[in-house]
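Quick look at data09.txt (compact mmCIF, C-alpha atoms):
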# COMPACT_ATOMS: atom_id res chain seq x y z
CA MET A 15 76.90 94.17 112.25
CA LEU A 16 80.47 93.15 111.51
CA ARG A 17 82.27 95.45 109.12
CA ARG A 18 84.70 94.60 106.32
CA GLY A 19 84.70 90.83 106.84
CA PHE A 20 85.37 91.09 110.56
CA LEU A 21 85.75 87.37 111.01
CA GLY A 22 87.75 87.13 107.78
CA MET A 23 90.30 84.62 106.66
CA LEU A 24 92.49 84.14 109.69
CA CYS A 25 93.13 80.51 110.60
CA TRP A 26 91.79 79.45 113.96
CA ALA A 27 95.30 78.58 115.10
CA CYS A 28 96.08 82.32 115.06
CA ILE A 29 93.79 83.06 117.99
CA LEU A 30 95.66 84.69 120.83
CA SER A 31 94.96 84.50 124.53
CA SER A 32 94.40 87.57 126.67
CA SER A 33 97.70 87.22 128.52
CA LEU A 34 100.25 89.99 128.44
CA VAL A 35 103.03 89.94 125.87
CA PHE A 36 104.77 93.30 126.13
CA VAL A 37 108.19 93.96 124.62
CA PHE A 38 110.01 97.00 125.96
CA THR A 39 112.35 99.24 124.06
CA GLY A 40 115.18 101.11 125.65
CA THR A 41 113.11 104.30 125.88
CA ALA A 42 110.06 102.74 127.53
CA SER A 43 109.15 103.68 131.08
CA ALA A 44 107.13 101.78 133.64
CA GLN A 45 104.04 103.96 133.09
CA ASN A 46 103.89 102.76 129.48
CA ASN A 47 103.66 99.09 130.47
CA TYR A 48 100.10 98.49 129.26
CA LYS A 49 98.20 95.26 129.83
CA VAL A 50 94.62 93.96 130.01
CA ILE A 51 93.57 95.11 133.50
CA ARG A 52 89.87 94.20 133.35
CA ARG A 53 87.50 91.96 131.45
CA ILE A 54 83.91 93.21 131.52
CA PRO A 55 81.42 90.51 130.47
CA VAL A 56 78.64 92.33 128.64
CA GLY A 57 76.94 89.48 126.78
CA GLY A 58 73.84 90.30 124.79
CA ASP A 59 72.93 89.75 121.18
CA GLY A 60 74.42 91.21 118.01
CA GLY A 61 77.81 91.74 116.45
CA TRP A 62 79.84 94.83 117.21
CA ASP A 63 81.53 97.76 115.59
CA TYR A 64 82.68 101.17 116.84
CA LEU A 65 83.12 102.02 120.50
CA ARG A 66 82.75 105.52 121.95
CA VAL A 67 83.85 106.67 125.41
CA ASP A 68 82.34 109.65 127.22
CA PRO A 69 85.10 110.41 129.76
CA ASP A 70 82.96 112.85 131.74
CA ALA A 71 79.86 110.66 132.08
CA LYS A 72 82.09 107.57 132.46
CA ARG A 73 80.14 105.66 129.84
CA VAL A 74 81.13 103.36 126.99
CA TYR A 75 78.79 103.24 123.98
CA ILE A 76 78.82 99.99 122.00
CA ALA A 77 77.24 99.37 118.57
CA ARG A 78 75.61 95.90 118.67
CA GLY A 79 74.02 95.08 115.33
CA ASP A 80 70.47 96.43 115.69
CA HIS A 81 70.83 98.13 119.06
CA MET A 82 73.33 100.12 121.11
CA MET A 83 74.44 99.10 124.58
CA VAL A 84 75.74 101.62 127.12
CA VAL A 85 78.10 100.43 129.86
CA ASP A 86 79.07 102.31 133.00
CA GLU A 87 82.84 102.60 132.84
CA THR A 88 83.31 102.32 136.61
CA SER A 89 80.93 99.51 137.52
CA GLY A 90 81.00 97.63 134.23
CA LYS A 91 77.21 97.39 134.32
CA VAL A 92 74.92 97.88 131.33
CA VAL A 93 72.98 101.10 132.06
CA GLY A 94 71.12 101.48 128.78
CA ASP A 95 70.16 99.77 125.55
CA LEU A 96 68.89 101.81 122.61
CA PRO A 97 66.77 99.63 120.28
CA ASN A 98 65.79 99.90 116.60
CA THR A 99 69.15 101.02 115.23
CA LYS A 100 69.32 98.62 112.29
CA GLY A 101 72.87 97.87 111.22
CA ILE A 102 74.34 100.38 113.67
CA HIS A 103 78.01 101.17 113.17
CA GLY A 104 78.67 103.78 115.83
CA THR A 105 77.61 106.89 117.68
CA ALA A 106 78.62 110.54 117.93
CA LEU A 107 78.19 112.49 121.16
CA ALA A 108 77.08 116.12 121.13
CA THR A 109 77.59 116.51 124.87
CA ASP A 110 77.20 120.29 124.72
CA LEU A 111 73.69 119.78 123.34
CA GLY A 112 72.85 116.75 125.47
CA LYS A 113 72.27 114.53 122.45
CA GLY A 114 73.75 111.49 120.79
CA TYR A 115 73.55 110.28 117.18
CA THR A 116 73.79 106.72 115.86
CA SER A 117 74.72 105.70 112.31
CA ASN A 118 72.24 103.01 111.29
CA GLY A 119 73.88 101.44 108.25
CA GLY A 120 71.11 98.94 107.56
CA ALA A 121 68.36 101.55 107.67
CA GLY A 122 70.19 104.48 106.09
CA THR A 123 69.24 106.66 109.04
CA VAL A 124 70.57 108.45 112.10
CA THR A 125 68.82 108.03 115.44
CA VAL A 126 68.95 111.05 117.75
CA TYR A 127 68.77 110.19 121.46
CA ASP A 128 68.89 111.97 124.81
CA LEU A 129 72.22 111.48 126.58
CA LYS A 130 70.64 111.60 130.04
CA THR A 131 67.74 109.23 129.51
CA LEU A 132 69.20 107.29 126.56
CA LYS A 133 65.75 107.48 124.96
CA PRO A 134 65.29 108.08 121.21
CA MET A 135 64.17 111.55 120.16
CA THR A 136 63.91 111.43 116.37
CA GLU A 137 65.26 109.66 113.28
CA ILE A 138 66.93 111.36 110.31
CA LYS A 139 67.24 109.92 106.80
CA THR A 140 70.77 110.20 105.42
CA THR A 141 71.66 111.32 101.90
CA GLY A 142 73.77 108.23 101.20
CA ASP A 143 73.85 104.48 101.61
CA ASN A 144 75.21 102.64 104.66
CA PRO A 145 76.11 105.45 107.08
CA ASP A 146 79.13 103.96 108.83
CA SER A 147 81.48 106.05 110.95
CA ILE A 148 79.98 109.20 112.47
CA ILE A 149 81.47 112.27 114.14
CA TYR A 150 80.33 115.49 115.82
CA ASP A 151 82.08 118.82 115.30
CA PRO A 152 81.40 121.05 118.33
CA VAL A 153 82.62 124.19 116.51
CA THR A 154 80.03 124.05 113.72
CA LYS A 155 77.60 121.96 115.81
CA ARG A 156 77.27 119.55 112.93
CA VAL A 157 77.15 115.78 112.73
CA PHE A 158 78.80 114.05 109.78
CA THR A 159 78.06 110.49 108.66
CA MET A 160 80.50 108.70 106.37
CA ASN A 161 78.31 106.77 103.94
CA GLY A 162 80.23 103.65 102.96
CA ARG A 163 78.35 102.58 99.85
CA SER A 164 77.74 105.99 98.28
CA ASN A 165 81.17 107.58 98.90
CA ASN A 166 79.73 110.70 100.49
CA SER A 167 79.06 112.35 103.83
CA THR A 168 75.69 113.53 105.15
CA VAL A 169 75.87 116.78 107.13
CA ILE A 170 73.33 117.32 109.93
CA ASP A 171 72.77 120.52 111.91
CA ALA A 172 72.70 119.24 115.49
CA THR A 173 70.79 122.28 116.74
CA THR A 174 67.82 121.55 114.45
CA ASP A 175 68.47 117.89 113.55
CA LYS A 176 68.01 118.75 109.89
CA VAL A 177 70.19 117.68 106.96
CA VAL A 178 72.06 120.73 105.66
CA GLY A 179 74.38 119.26 103.05
CA THR A 180 76.21 116.37 101.41
CA VAL A 181 79.93 116.13 100.66
CA ALA A 182 81.21 113.97 97.79
CA LEU A 183 84.31 112.24 99.18
CA GLY A 184 85.71 110.62 96.04
CA GLY A 185 86.14 107.16 97.55
CA ARG A 186 84.85 104.73 100.17
CA PRO A 187 85.16 106.49 103.52
CA GLU A 188 86.44 104.96 106.69
CA GLU A 189 87.03 106.91 109.89
CA PRO A 190 87.17 110.73 109.95
CA ALA A 191 89.04 113.06 112.30
CA LEU A 192 88.98 116.81 112.90
CA ASP A 193 92.17 118.85 112.60
CA GLY A 194 91.24 121.65 115.02
CA ARG A 195 91.54 124.18 112.20
CA GLY A 196 88.09 123.83 110.67
CA ASN A 197 88.75 120.80 108.48
CA MET A 198 87.64 117.18 108.44
CA TYR A 199 90.08 114.52 107.26
CA VAL A 200 88.74 111.17 106.06
CA ASN A 201 90.50 107.92 105.18
CA LEU A 202 89.45 106.55 101.77
CA GLU A 203 89.87 102.80 102.07
CA ASP A 204 89.54 101.85 98.40
CA LYS A 205 91.89 104.62 97.26
CA SER A 206 94.50 104.16 100.02
CA SER A 207 94.39 107.92 100.43
CA ILE A 208 93.19 110.67 102.73
CA MET A 209 90.97 113.63 101.82
CA ALA A 210 89.93 116.82 103.59
CA PHE A 211 87.01 119.22 103.47
CA ASP A 212 85.96 122.39 105.29
CA THR A 213 83.36 121.60 107.94
CA LYS A 214 81.64 124.99 107.52
CA THR A 215 81.65 125.58 103.76
CA LEU A 216 81.87 121.83 102.89
CA ALA A 217 84.44 122.70 100.21
CA VAL A 218 86.84 119.84 99.42
CA LYS A 219 90.45 120.81 100.15
CA GLY A 220 92.16 117.91 98.39
CA THR A 221 93.02 114.21 98.35
CA TRP A 222 96.48 112.79 98.98
CA PRO A 223 98.03 109.28 98.78
CA LEU A 224 98.96 107.40 101.94
CA ALA A 225 101.45 105.04 100.26
CA PRO A 226 102.90 102.68 101.37
CA CYS A 227 99.70 102.32 103.40
CA ASP A 228 97.14 99.94 101.91
CA GLY A 229 93.43 100.13 102.80
CA PRO A 230 93.46 102.69 105.65
CA SER A 231 90.79 102.15 108.29
CA ALA A 232 90.91 104.00 111.63
CA LEU A 233 92.18 107.57 111.88
CA ALA A 234 93.41 109.63 114.84
CA ALA A 235 94.70 113.21 114.98
CA ASP A 236 97.46 115.12 116.72
CA THR A 237 96.02 118.62 116.33
CA LYS A 238 99.00 120.34 117.98
CA ASN A 239 101.53 119.02 115.46
CA HIS A 240 99.09 118.72 112.54
CA ARG A 241 99.69 114.98 112.15
CA PHE A 242 97.19 112.24 111.36
CA PHE A 243 97.65 108.56 112.18
CA ALA A 244 96.04 106.25 109.62
CA ALA A 245 95.77 102.60 110.67
CA CYS A 246 96.78 100.35 107.79
CA SER A 247 97.66 96.68 107.63
CA LYS A 248 101.01 96.24 109.38
CA MET A 249 101.66 99.96 109.87
CA ILE A 250 100.51 103.36 111.03
CA ALA A 251 100.92 105.92 108.26
CA VAL A 252 101.80 109.27 109.86
CA PHE A 253 100.48 112.05 107.61
CA ASN A 254 101.82 115.62 107.84
CA ALA A 255 98.81 117.85 107.17
CA ASP A 256 101.07 120.85 106.49
CA THR A 257 103.06 119.19 103.70
CA ASN A 258 100.54 116.45 102.76
CA LYS A 259 103.29 113.83 102.99
CA ILE A 260 103.83 110.58 104.90
CA VAL A 261 106.62 111.13 107.42
CA ALA A 262 106.74 107.80 109.31
CA THR A 263 105.33 104.27 109.18
CA PRO A 264 105.74 102.52 112.57
CA ALA A 265 104.81 98.84 112.47
CA ILE A 266 101.64 97.32 113.95
CA GLY A 267 99.74 94.05 113.48
CA GLY A 268 97.54 93.06 110.56
CA ASP A 269 93.94 94.04 109.82
CA PRO A 270 93.52 96.95 112.26
CA ASP A 271 90.21 98.71 112.75
CA GLY A 272 90.86 101.00 115.69
CA ASN A 273 93.45 103.48 116.83
CA GLY A 274 93.82 106.47 119.09
CA PHE A 275 96.26 109.18 120.13
CA ASP A 276 96.69 110.40 123.71
CA PRO A 277 98.25 113.88 123.59
CA ASN A 278 98.96 113.88 127.32
CA THR A 279 101.20 110.81 127.18
CA GLY A 280 102.29 110.98 123.54
CA LEU A 281 101.11 107.41 123.03
CA ILE A 282 99.44 106.02 119.91
CA PHE A 283 97.39 102.81 120.13
CA ALA A 284 96.28 100.46 117.35
CA THR A 285 94.09 97.37 117.71
CA CYS A 286 94.30 94.47 115.24
CA ARG A 287 92.06 91.50 114.61
CA GLU A 288 94.48 88.78 115.66
CA GLY A 289 94.19 90.15 119.20
CA LEU A 290 97.08 92.58 119.26
CA LEU A 291 97.25 96.12 120.60
CA THR A 292 100.38 98.01 119.57
CA VAL A 293 101.60 100.92 121.72
CA ILE A 294 103.77 103.55 120.01
CA HIS A 295 105.42 106.61 121.54
CA GLN A 296 105.60 109.92 119.68
CA ASP A 297 109.16 111.06 120.34
CA SER A 298 108.68 114.10 118.10
CA ALA A 299 106.26 115.05 115.32
CA ASP A 300 108.14 112.88 112.82
CA LYS A 301 109.80 110.27 115.05
CA TYR A 302 108.03 107.28 116.62
CA THR A 303 109.19 104.43 118.84
CA ILE A 304 107.32 101.15 119.23
CA ILE A 305 106.91 100.63 122.97
CA GLY A 306 105.46 97.16 122.73
CA ASN A 307 102.54 94.86 121.92
CA VAL A 308 99.77 93.69 124.22
CA ASN A 309 97.90 90.45 123.53
CA THR A 310 94.21 91.17 124.00
CA GLN A 311 91.92 88.53 122.46
CA PHE A 312 91.13 87.34 118.96
CA GLY A 313 88.67 89.63 117.20
CA ALA A 314 89.43 92.73 119.30
CA ARG A 315 90.08 95.16 116.44
CA THR A 316 88.03 98.25 117.32
CA MET A 317 88.82 100.52 120.26
CA ALA A 318 88.15 103.75 122.08
CA LEU A 319 90.48 105.78 124.29
CA ASP A 320 89.51 107.45 127.55
CA PRO A 321 91.69 110.59 127.58
CA LYS A 322 91.19 111.09 131.32
CA THR A 323 92.24 107.65 132.55
CA HIS A 324 94.50 106.97 129.54
CA HIS A 325 92.91 103.54 129.28
CA VAL A 326 91.92 101.78 126.06
CA PHE A 327 88.68 99.85 125.64
CA THR A 328 88.36 97.15 123.02
CA GLU A 329 85.75 94.44 122.41
CA THR A 330 85.34 90.88 121.19
CA ALA A 331 83.77 87.51 122.03
CA ASP A 332 84.71 83.85 122.24
CA PHE A 333 84.69 81.99 118.93
CA LYS A 334 84.26 78.46 117.74
CA ALA A 335 86.48 77.13 114.98
CA ALA A 336 85.45 77.54 111.37
CA GLY A 337 83.82 74.53 109.76
CA GLN A 338 85.12 72.60 106.80
CA PRO A 339 84.97 74.33 103.39
CA THR A 340 81.99 73.47 101.21
CA PRO A 341 81.09 74.43 97.62
CA ASP A 342 78.60 76.97 98.97
CA ASN A 343 81.01 78.29 101.61
CA PRO A 344 84.58 77.73 100.42
CA ARG A 345 86.08 80.02 103.09
CA PRO A 346 84.23 79.40 106.33
CA ARG A 347 84.88 81.78 109.18
CA PRO A 348 85.14 81.32 112.93
CA GLN A 349 81.76 82.01 114.54
CA ALA A 350 81.15 84.07 117.67
CA ILE A 351 79.66 82.08 120.53
CA PRO A 352 76.36 83.63 121.70
CA ASN A 353 76.37 85.71 124.88
CA THR A 354 80.18 85.74 125.24
CA PHE A 355 80.67 89.37 124.17
CA VAL A 356 83.23 91.08 126.40
CA LEU A 357 84.68 94.55 126.87
CA LEU A 358 88.42 94.64 127.57
CA GLU A 359 90.04 97.49 129.46
CA VAL A 360 93.75 98.00 128.78
CA GLY A 361 95.82 100.30 130.96
CA PRO A 362 99.28 100.80 132.49
CA GLN A 363 100.15 98.47 135.34

In structure tokens, how does this file's structure come out?
Amino acid sequence: MLRRGFLGMLCWACILSSSLVFVFTGTASAQNNYKVIRRIPVGGDGGWDYLRVDPDAKRVYIARGDHMMVVDETSGKVVGDLPNTKGIHGTALATDLGKGYTSNGGAGTVTVYDLKTLKPMTEIKTTGDNPDSIIYDPVTKRVFTMNGRSNNSTVIDATTDKVVGTVALGGRPEEPALDGRGNMYVNLEDKSSIMAFDTKTLAVKGTWPLAPCDGPSALAADTKNHRFFAACSKMIAVFNADTNKIVATPAIGGDPDGNGFDPNTGLIFATCREGLLTVIHQDSADKYTIIGNVNTQFGARTMALDPKTHHVFTETADFKAAGQPTPDNPRPRPQAIPNTFVLLEVGPQ
């Protein structure tokens, strides 16, 4: 299931190869010289959406339309495939409980599965339409789905797998992130803003603009400095959660749908549809330096970060050129070639 016009209106001539194009700044060091270090051919049917890395189990979880594929991070082999997850967008991992949760956008459900066997356990109906991004809070032991068409969040008690609440978000949610202080922050794509609510009481704390950011998608958190990194077209909006203000806007590519923050290296990553991964260094809480850009491959706009290896995983496929416009399809899109789906691993050389 491809979100938000994944194959949207980029001309075919904009497709980038997977070769390295990395531009250093004066402050860059050799360890920050990221490049594509491995291409893992996964193949299989279905589109793709969110990735999730379990750094302890060394697994990568991949949403694939109506099923979820699980890849061993070391061998690159597919070790599991969870079926019957209609319109899956992503998964949340409750590793302390030994369970995973998928957001099945097409079915309006969450599938609970065993992390050891990768077998389904039960299915939960959400309280909103099109559950999209999904996250687990280990403090409250709750799973939260961000329901894209109903502008709310379904709250599930992961100890009982029962729905315990719904939060009205006030806009179309994109990715959420926890602040480490008992609050969930959520990008609101249609409002170009960010909102927060208490994960225990479910009380809304407020909503704040992200201008000049337009249409925020992915969100990552620096819990130590209370900063959030909202991926927007052409920029990362750095939001100060203490003052509720934007403090920096380092440049990235267009149409991003994935980002991450590595607190051990101080690096921020953002993946964009044209096949560009931007690497940014956090010099201080309010100062950011663009380290460089890595060419990945056209369509690689979602990502997940392994905090132990400091590697980034992103995903895409080969495409054939869009056809000629017709009255019924005035804006044809490039089409993914079957069985060419690939996982890209990006790391320092």

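Minimum distance to Gly179 in chain A across A:Asn161, A:Asn98, A:Thr215, A:Gln349 (counting all atoms listed in the file) occurs at A:Thr215.
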
Original post:
Can you tell me, as a ChimeraX atom specification, what residues are no more than 7 Å from range 54-56 of chain A when counting only C-alpha atoms, ignoring any on the same chain fewer than 5 positions away?
Top reply: /A:90,355-358

Interface rows for range 251-341 of chain A against range 205-208 of chain A: nearest pair, Å to one decimal, 12 Å, all atoms listed in the file, as CSV:
residue,atom,partner,partner_atom,distance
A:Ala251,CA,A:Ser207,CA,10.4
A:Val252,CA,A:Ile208,CA,11.3
A:Phe253,CA,A:Ile208,CA,8.9
A:Asn254,CA,A:Ile208,CA,11.2
A:Ala255,CA,A:Ile208,CA,10.1
A:Asn258,CA,A:Ile208,CA,9.4
A:Lys259,CA,A:Ile208,CA,10.6
A:Ile260,CA,A:Ser207,CA,10.8

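For the set A:Leu65, A:Met83, A:Val293, A:Cys246, the residue with the smallest atom-to-atom gap to Ala106 in chain A is A:Leu65, counting all atoms listed in the file.
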
**OP:** Calculate how many Å separate CA of Val84 in chain A from CA of Asn278 in chain A, rounding to one decimal.
**Re:** 26.3 Å

**OP:** Counting all atoms listed in the file, note down every residue that has an atom within 12 Å of the point (79.9, 105.0, 113.7) (file coordinates), as number ranges by chain.
**Re:** A: 15, 17, 62-66, 75-79, 82, 99, 101-107, 114-119, 123-125, 144-150, 157-162, 187-190, 232, 272, 316-318

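Among the candidates A:Ala235, A:Asp204, A:Arg186, A:Val181, the one nearest to Val218 in chain A when counting all atoms listed in the file is A:Val181.
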
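In this structure, CA of Pro264 in chain A sits 7.0 Å away from CA of Ile304 in chain A.
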
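Taking CA of Thr237 in chain A as the reference point, CA of Met198 in chain A is found at 11.6 Å.
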
Return as lines of an AutoDock Vina configuration file the box centre and box size in Å, one decimal, for an axis-aligned box around all listed atoms of range 230-246 of chain A padded by 4 Å per side.
center_x = 96.2
center_y = 110.3
center_z = 111.8
size_x = 18.7
size_y = 28.0
size_z = 20.3

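Proximity ranking of A:Lys248, A:Gly274, A:Gln338, A:Leu319 relative to Glu288 in chain A places A:Lys248 first, based on all atoms listed in the file.
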
**OP:** Identify which of the residues A:Ala210, A:Leu216, A:Val360, A:Ala350 lies closest to Thr328 in chain A, counting only C-alpha atoms when measuring atom-to-atom distances.
**Re:** A:Val360

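Within 7 Å of Cys286 in chain A, once only C-alpha atoms are used and residues closer than 5 positions along the same chain are dropped, the contacting residues are Gly267, Gly268, Asp269, Pro270, Asp271, Leu291, Ala314 and Arg315 of chain A.
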
Would you write out those residues with C-alpha atoms, as a PDB file, keeping the file's coordinate frame?
ATOM      1  CA  GLY A 267      99.740  94.050 113.480  1.00  0.00           C
ATOM      2  CA  GLY A 268      97.540  93.060 110.560  1.00  0.00           C
ATOM      3  CA  ASP A 269      93.940  94.040 109.820  1.00  0.00           C
ATOM      4  CA  PRO A 270      93.520  96.950 112.260  1.00  0.00           C
ATOM      5  CA  ASP A 271      90.210  98.710 112.750  1.00  0.00           C
ATOM      6  CA  LEU A 291      97.250  96.120 120.600  1.00  0.00           C
ATOM      7  CA  ALA A 314      89.430  92.730 119.300  1.00  0.00           C
ATOM      8  CA  ARG A 315      90.080  95.160 116.440  1.00  0.00           C
TER       9      ARG A 315
END

**OP:** Would you list the residues near (81.3, 121.9, 115.0) (no more than 10 Å away, in the coordinates of the file, using only C-alpha atoms) as number ranges by chain?
**Re:** A: 108, 149-158, 171-172, 192, 194, 196-197, 213-214

**OP:** Please provide the set of residues having any atom within 9 Å of Ile351 in chain A, restricted to only C-alpha atoms, with same-chain residues fewer than 4 positions apart removed, written as number ranges by chain.
**Re:** A: 331-334, 355

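Using all atoms listed in the file, the shortest contact distance between Val67 in chain A and any of A:Thr109, A:Thr285, A:Thr131, A:Thr141 is found at A:Thr109.
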